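Structure first, then comments.
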Amino acid sequence: MSAALRISGLSAGYDGESVLHDLTLEVPADACVGIIGPNGAGKTTLLRAAAGLLRPAAGTVEVFGEPLNGQSARSRAQCVALVAQRSPVAFEFRAGEVVLMGRAPRLGPLGLEGARDRERAAWAMARTQCAALAARPMTTLSGGEAQRVLLARALAQEPRLLLLDEPTTHLDIQHQIEVLDLVRSLCAEDDLTVLIVLHDLNLASQFCDRLLLLHRGRLVEDGPPERVITEANLAATYGAAVHVRLHPTTGRPYVTLPGPAAPRSAASGVRLHVIAGAGAGSALLHRLVQAGHAVSVGVLNVADSDQELAQEMGLARVEEAPFCAISAERSAENVALARAAAAVIVAPVLWGLGNLSNLDAAETALAAGVPVLVLTEPPVAARDYTGGEAVRRIEGLLAHGAQRAANTDAALAWVARLLR
Amino acid sequence: MSDTEAGETVALPPPVGLRLARALGLLFPLVLVMMALTLGVGAQPIGFGDIWHSLRKVGWGLFAAPETGWTSDDIILWTLRGPRVIAAALVGFILGSAGASLQGLFRNPLADPYLIGVSAGAAIGWAAGLLFGFDQWAGGLGMAGVGFLTGLVSLALVYRLSKVGGRVAMESLILAGVVVGSLMWSGLVLTMTLLRPTDLREVFFFLLGNFTAARWDMVAMLAGVTAPGFLALWSLGHPLNLMALGDEAAEALGLDLARAQRRVLLWAAVLTAAAVAVSGVIGFVGLITPHLARRFVGADHRVLLPVAGGVGAILLVWADALARRQDDVFPVGVLTAVLGAPFFLYVLRRTRR
């Protein structure tokens, strides 16, 4: 079986200026392959070359074994369909008329559509769920509707290779997913090979089996999303320091922003110790760091979400192995960090037998004269899974002079008062 | 969203043939009726009965020179108004269809047939023809021929100027049209300073546009250009539809875009040059008519081009009848401008909503 698209040694560009340099790649039939890369990487140029709209300066483009160069525009258009980035349709053409225009490469010299052409256009509109829009002028369609109509136009062409250039730009999230779901099902059920430029890395990761990462007209990486979307690749091409995680349900990589950069040096010169875990302290940790405080945290199980955050922010921390009860050694380290801190803050964590010993740190610090703040919303009783032990010990803390705060804002205000 | 299975329920537009038959079956009889009606309109109104009577008397002789025995009505009808009505219909047809095709080509509803420099070229040829005494050749035909040729030369110049690196971008074509147009107009002004006052008045009336000089031989020449020119333009209807999708989409659908653009330009220019050479520069018909026609039959150029032509014919036949009615004090071009500008604003505001 020959590849749907085989590009070898391709250099191409505009007005003698090369955009793509010596590109070689292969797309197997019936695959759904995404193209990603920063602005100006040559993604659109690659699609134009694959559509035969751009004469290569060097190299060849073959579609299903046939070189594009020798073909007439018409026979090329019978095999390859391109949906370019959205450009408005001039005049009040109706959606049905636009889809019928997809039959252009299959019409006779007079350009008149026959019964089969109309049948195929109607099928394409039904397939992309835009049949009800047929009589509507294109100018009145929403972004998602227009995109479905353009997809129907491409389908009416009866292509074997479908090229899509950022079909989800300007769409809201629901329509992005709808359009890409549709594209995937076309690929799976209609024997279509799809090459799709996507701006959104997370969508690309979720919807494509394989990604091509372009940078400055060269292919940097080619493979499954796990191999292409890595922090190192994204830093090298986009120049962006982002975080890449694996999606909890699909196992595909997804990209998150690192949040506003923390100040390089802690401005207040004192360290606050936070007792956290399972996300209960995330917002607090982040706010404290942003406010310019040095922060330590413990004891956290590895792979706990507070632990991941603390690691990302480079905080001093005490770590325990995943899903293990806190050992005596770790607890002792935690106590030491707490006693030496300017204050200790107890986040609204869920208390269980595994992490109850974290309260040792707060109790020891309080006894040593370190101010302690306890976040009491939601109420401790609602998050006590130790049969009342946690409630008893926290009430003990409050009885011995620990302060209480309802939320993160109140906690930050308390810290500010304390350090003034 | 209904999950439509059968093709029947998708409201695709009816087949082109059917739409054409419906639109033209209604429109072209209407054009003929309008032409017949306006034959009686003029400084001297002539009733239907008299027209019928006169037609039966002269028969096919109406195309020939007046014979002895013709009444003044016969002469007015068949020597003056007959060719005038047909010339107005043909020129209206040309301006409407050429205007629609150029609006499609430039993807701009404000384009008109004079945008590509043809009118200015024809006008300067006309003025130069007067200067060198071409008006003595073959009656008015020599002048029309010169105007036609200089109009096309002007287009060639525009096309040449807008060619950058082997490609003609439509934007630079419009710019080149404006530049060449103003160059031609200044050449025209220069030529006019050299003309005798009587010739000057003639150029002036030419620039305003009128059908007072229409004659049967001129009408035959015009029809001889209009028929093949329009058929060639009409055959580009589907490519013009594809152009509305944008350059990239049109090419991706297998259209040889550059070739299609060249052809539209060429045939629109040939038609326009012929119209201008016969009747001068009649404004607004080419601009308004496509908008009107689109409201009736939609945007599909395969239907739009002949319908815009028919609507243009009706408009111009009536505008010229109005000009005759007040004895050509105001030439027809003045009437189309005076009536056309506010009407165009009205159409624009309606389509915006």
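Letters A, B, ... go to the chains of the structure tokens in the order shown; residues in each chain start at 1; ligands are counted from 1 in the same order.
Using only C-alpha atoms, we find that the part of chain A lying within 6 Å of chain B comprises Ala73, Arg74, Ala77, Val89, Ala90, Glu92, Phe93, Gly96, Pro105, Gly111, Glu119, Ala122, Ala126, Ala131, Ala134 and Ala135 of chain A.
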(request) Extract, using only C-alpha atoms, all DNA, RNA and protein residues at most 10 Å from Val58 (chain B), discarding same-chain residues fewer than 3 positions from it, and format them as an MDAnalysis selection string. (result) chainID B and resid 53:55 61:64 66:67 69:70 74 78
(request) Might you pull out every residue within 10 Å of Arg86 (chain A), with only C-alpha atoms counted and same-chain residues fewer than 5 positions away left off, and present them as JSON, numbers by chain? (result) {"A": [143, 146, 147, 150, 165, 166, 167, 168, 169, 170], "B": [245, 246, 249]}
(message) For the structure I just gave you, how does DSSP split region 78-277 of chain B - specifically, which residues are strand (DSSP E or B)? Reply as a VMD selection string.
(response) chain B and resid 163 to 164 167 to 168
Would you export the selected residues with N, CA and C atoms as a PDB file, in the first residue's frame, please?
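Once everything was written out, this is out.pdb:
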```
ATOM      1  N   LYS B 163       1.070  43.727 -13.988  1.00  0.00           N
ATOM      2  CA  LYS B 163       1.731  42.431 -13.977  1.00  0.00           C
ATOM      3  C   LYS B 163       3.030  42.551 -13.184  1.00  0.00           C
ATOM      4  N   VAL B 164       3.071  41.826 -12.047  1.00  0.00           N
ATOM      5  CA  VAL B 164       4.280  41.841 -11.236  1.00  0.00           C
ATOM      6  C   VAL B 164       4.791  40.422 -11.103  1.00  0.00           C
ATOM      7  N   ARG B 167       2.646  37.554 -12.397  1.00  0.00           N
ATOM      8  CA  ARG B 167       1.310  37.392 -11.827  1.00  0.00           C
ATOM      9  C   ARG B 167       0.573  38.714 -11.877  1.00  0.00           C
ATOM     10  N   VAL B 168      -0.739  38.642 -12.097  1.00  0.00           N
ATOM     11  CA  VAL B 168      -1.543  39.857 -12.051  1.00  0.00           C
ATOM     12  C   VAL B 168      -2.432  39.792 -10.814  1.00  0.00           C
TER      13      VAL B 168
END
```
(message) as a PyMOL selection string, please: the residues near Ala232 (chain B) (cut-off 12 Å, only C-alpha atoms, same-chain neighbours under 3 positions excluded).
(response) (chain A and resi 110) or (chain B and resi 97-98+101+225-229+235-237+260+263-271+302+305-306)
(message) Which residues are close to Ala323 (chain B), i.e. within 10 Å by only C-alpha atoms, leaving aside same-chain residues fewer than 6 positions away? Reply as a PyMOL selection string.
(response) chain B and resi 41-43+210-212+317+329-336
(request) Going by DSSP on the backbone, which bits of region 189-333 of chain A are helix (DSSP H, G or I)? Write them as an MDAnalysis selection string, please. (result) chainID A and resid 189 201:207 225:228 231:237 282:290 305:313 328:333
(request) Go through B:Phe148, B:Ala341, B:Ser154, B:Leu105 one by one, measure the shortest atom-to-atom distance of each to Ala274 (chain B) using only C-alpha atoms, and give the residue with the smallest value. (result)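 Distance minimum relative to Ala274 (chain B) lands on B:Phe148.
Interatomic distance, CA of Leu348 (chain B) to CA of Arg325 (chain B): 29.5 Å.
Relative to CA of Gly340 (chain B), CA of Leu20 (chain B) is found at 26.9 Å.
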(message) I'd like to know which of A:Ser185, A:Ser305, A:Gln85, A:Thr139 is closest to Leu198 (chain A), using only C-alpha atoms.
(response)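 Under the stated criterion, the closest residue is A:Gln85.
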(request) Please provide the set of residues having any atom within 12 Å of Asp409 (chain A), restricted to only C-alpha atoms, with same-chain residues fewer than 3 positions apart removed, written as a VMD selection string. (result) chain A and resid 283 to 284 287 to 288 291 375 405 to 406 412 to 416
Create the file for the chosen residues now, containing N, CA and C atoms and written as a compact mmCIF listing (two decimals), in the first residue's frame.
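Below you can see again.txt, which holds the result:
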```txt
# COMPACT_ATOMS: atom_id res chain seq x y z
N ALA A 283 -3.54 26.90 46.16
CA ALA A 283 -3.78 28.33 45.98
C ALA A 283 -2.96 29.13 46.99
N LEU A 284 -2.93 28.63 48.23
CA LEU A 284 -2.20 29.32 49.29
C LEU A 284 -0.71 29.40 48.96
N ARG A 287 -0.11 31.89 46.19
CA ARG A 287 -0.29 33.29 46.61
C ARG A 287 0.85 33.75 47.51
N LEU A 288 1.29 32.87 48.39
CA LEU A 288 2.37 33.25 49.29
C LEU A 288 3.65 33.54 48.50
N ALA A 291 3.36 36.76 46.73
CA ALA A 291 3.48 37.90 47.63
C ALA A 291 4.93 38.12 48.07
N LEU A 375 -6.47 27.20 58.82
CA LEU A 375 -7.59 27.53 57.94
C LEU A 375 -8.75 26.61 58.31
N ALA A 405 -8.25 31.37 60.28
CA ALA A 405 -8.61 32.17 59.10
C ALA A 405 -9.58 31.36 58.26
N ALA A 406 -10.54 32.08 57.61
CA ALA A 406 -11.57 31.36 56.86
C ALA A 406 -11.06 30.97 55.48
N LEU A 412 -3.52 35.46 53.94
CA LEU A 412 -2.50 36.39 53.46
C LEU A 412 -2.49 37.68 54.27
N ALA A 413 -3.68 38.12 54.65
CA ALA A 413 -3.77 39.34 55.47
C ALA A 413 -3.09 39.11 56.83
N TRP A 414 -3.33 37.93 57.40
CA TRP A 414 -2.72 37.58 58.69
C TRP A 414 -1.20 37.60 58.58
N VAL A 415 -0.68 37.01 57.48
CA VAL A 415 0.78 36.98 57.27
C VAL A 415 1.32 38.40 57.15
N ALA A 416 0.58 39.23 56.41
CA ALA A 416 1.04 40.60 56.21
C ALA A 416 1.11 41.34 57.55
```
(request) Would you kindly return, as a ChimeraX atom specification, each protein, DNA or RNA residue with an atom no farther than 8 Å from any atom of Ala124 (chain A), considering only C-alpha atoms and excluding same-chain residues fewer than 6 positions away? (result) /A:99,152-153,155-156
How about saving the chosen residues, C-alpha atoms kept, as a PDB file, in the first residue's frame?
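Everything below was put into selection_21.pdb:
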```pdb
ATOM      1  CA  VAL A  99     -21.066  22.942  -1.193  1.00  0.00           C
ATOM      2  CA  ALA A 152     -18.955  19.625   3.327  1.00  0.00           C
ATOM      3  CA  ARG A 153     -17.593  21.426   0.263  1.00  0.00           C
ATOM      4  CA  LEU A 155     -16.217  16.227   1.030  1.00  0.00           C
ATOM      5  CA  ALA A 156     -18.324  16.930  -2.055  1.00  0.00           C
TER       6      ALA A 156
END
```
(request) Could you tell me how far CA of His301 (chain B) lies from CA of Ala111 (chain B), in Å and to one decimal? (result) 15.2 Å
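Closest approach to Leu141 (chain A) from the set A:Ala115, A:Ala154, A:Val297, A:Ala95 is made by A:Ala95, with distances taken over only C-alpha atoms.
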